[in-house]
Amino acid sequence: MEREQNQYNYTNRTMKNNIRYILLLLALVGFAFSGPTPKRQIFLVGDSTMSEKRVTAYPETGWGMMFSKFIDTSNTVIYNHAQNGRSTKSFVEENRWAPIVDKLQPGDLVLIQFGHNDEVPTKPQATTQKQFQINLAKYIRDTKAKKAIPVLITPAARRSFDAEGNLQDTHQVYSALVRKVAKKEGVTLVELDKKSQAVLESFGPENSKWLFNHLKPGQHPNYPEGKVDDTHFSELGARKMAEIVYKELNSQNPGGIAVHFFKPVPKK
């Protein structure tokens, strides 16, 4: 009888140990197949002043290209979907917005900068002031529906000095609309327009050409006849715009984005 009881106890212990072993194996397998923790995503949505440029457009540079250099890619992935010539209307009509919404995960950030093309009534992609606000509200609503975080950015300033050397506010109406929508919808606003105007004014009418795609004939093979462009940036100009956006986001810290910027390494 005692031998049978011992045999029973031994069998029972063995079964329990086997079950624990199987559960441990299942946990390890589940961990192996779960993969690494997904990186947080940042999406850039806007026009040519923000967009990635082809090699054939160089030295024209979108500020989004420089902004990506501030991002710590060990825990973040940044997608620049901005496109030349797009407005709040055409970006949606060309089915560029819907695929972004499909990819959004909770906590992702969407940086939205339009206005350059919306505000020019002669362009087919232009929008009325009313439609511009409705469109911006849609971007915000769609982003929030995925529990992601929208950020509105006023359009970067154009280089437009009058004869007396005073910088003209070329985005006055549509930048004000961006501010109005951001306040109404309760989302973070990056004030790129006014702060980029301050940068241009600090450089002055002549030296501010360095910030834009101004080239003399023969200066670059992409523009053999030269180029005078007061809207699109040089590498330096794009860097200055990206610095403004970085400082604004680092200060306001929407969705805790500050942890996704590179941190300076103290010198030993």
# chains A, B, ... in the order shown; residues from 1 in each chain; ligands from 1
call {"tool": "residues_around", "arguments": {"residues": "stretch 244-248 of chain A", "least_positions_apart": "5", "cutoff": "12 Å", "atoms": "only C-alpha atoms", "output": "PyMOL selection string"}}
result
chain A and resi 44+50+63-64+66-71+111-113+151-156+188-199+237-239+253-254+257-258+260-262
call {"tool": "residues_around", "arguments": {"residues": "A:Gln172", "least_positions_apart": "2", "cutoff": "12 Å", "atoms": "only C-alpha atoms", "output": "VMD selection string"}}
result
chain A and resid 115 to 116 119 154 to 158 168 to 170 174 to 179 193 to 194 197
call {"tool": "atom_distance", "arguments": {"atom1": "atom CA of A:Phe233", "atom2": "atom CA of A:Gly46"}}
result
14.9 Å
call {"tool": "select_by_dssp", "arguments": {"residues": "stretch 29-80 of chain A", "states": "strand (DSSP E or B)", "output": "list in words"}}
result
Arg40, Gln41, Ile42, Phe43, Leu44, Val45, Gly46, Thr61, Ile71, Thr76, Val77, Ile78, Tyr79 and Asn80 of chain A
call {"tool": "closest_atom_pairs", "arguments": {"of": "stretch 74-189 of chain A", "to": "stretch 203-209 of chain A", "cutoff": "10 Å", "atoms": "only C-alpha atoms", "output": "tab-separated table"}}
result
residue	atom	partner	partner_atom	distance
A:Arg159	CA	A:Ser208	CA	7.5
A:Ser160	CA	A:Pro205	CA	8.3
A:Phe161	CA	A:Pro205	CA	6.2
A:Asp162	CA	A:Pro205	CA	8.8
A:Ala163	CA	A:Pro205	CA	9.6
A:Glu164	CA	A:Pro205	CA	9.5
A:Gly165	CA	A:Pro205	CA	6.0
A:Asn166	CA	A:Pro205	CA	8.0
A:Leu167	CA	A:Pro205	CA	8.0
call {"tool": "write_last_selection", "arguments": {"atoms": "C-alpha atoms", "output": "PDB file, in the first residue's frame"}}
result
ATOM      1  CA  ARG A 159      11.191  85.452 -48.757  1.00  0.00           C
ATOM      2  CA  SER A 160       9.383  88.627 -49.817  1.00  0.00           C
ATOM      3  CA  PHE A 161      11.013  91.965 -48.925  1.00  0.00           C
ATOM      4  CA  ASP A 162       9.664  95.281 -50.160  1.00  0.00           C
ATOM      5  CA  ALA A 163      11.767  98.126 -51.557  1.00  0.00           C
ATOM      6  CA  GLU A 164      12.420  99.444 -48.042  1.00  0.00           C
ATOM      7  CA  GLY A 165      13.707  96.077 -46.865  1.00  0.00           C
ATOM      8  CA  ASN A 166      10.633  95.119 -44.867  1.00  0.00           C
ATOM      9  CA  LEU A 167       9.538  91.475 -44.925  1.00  0.00           C
TER      10      LEU A 167
END
call {"tool": "atom_distance", "arguments": {"atom1": "atom CA of A:Leu211", "atom2": "atom CA of A:Val77"}}
result
27.5 Å
call {"tool": "select_by_dssp", "arguments": {"residues": "stretch 14-220 of chain A", "states": "alpha helix (DSSP H)", "output": "JSON, numbers by chain"}}
result
{"A": [14, 15, 16, 17, 18, 19, 20, 21, 22, 23, 24, 25, 26, 27, 28, 29, 30, 31, 32, 33, 34, 63, 64, 65, 66, 67, 88, 89, 90, 91, 92, 93, 98, 99, 100, 101, 102, 103, 129, 130, 131, 132, 133, 134, 135, 136, 137, 138, 139, 140, 141, 142, 143, 144, 145, 172, 173, 174, 175, 176, 177, 178, 179, 180, 181, 182, 183, 184, 185, 192, 193, 194, 195, 196, 197, 198, 199, 200, 201, 202, 203, 204, 205, 206, 207]}
call {"tool": "residues_around", "arguments": {"residues": "A:Thr56", "least_positions_apart": "4", "cutoff": "10 Å", "atoms": "only C-alpha atoms", "output": "list in words"}}
result
Glu60, Pro221, Asn222 and Tyr223 of chain A
call {"tool": "closest_residue", "arguments": {"among": "A:Gln131, A:Lys147, A:His81, A:Val181", "to": "A:Gly107", "atoms": "only C-alpha atoms"}}
result
A:Lys147
call {"tool": "closest_atom_pairs", "arguments": {"of": "stretch 77-134 of chain A", "to": "stretch 224-232 of chain A", "cutoff": "12 Å", "atoms": "only C-alpha atoms", "output": "CSV"}}
result
residue,atom,partner,partner_atom,distance
A:Asn84,CA,A:His232,CA,10.2
A:Gly85,CA,A:His232,CA,11.5
A:His116,CA,A:Thr231,CA,8.9
A:Asn117,CA,A:Thr231,CA,11.3
call {"tool": "atom_distance", "arguments": {"atom1": "atom CA of A:Gly218", "atom2": "atom CA of A:Ala57"}}
result
14.9 Å
call {"tool": "closest_residue", "arguments": {"among": "A:Gln105, A:Arg96, A:Asn250, A:Leu215", "to": "A:Lys263", "atoms": "only C-alpha atoms"}}
result
A:Asn250
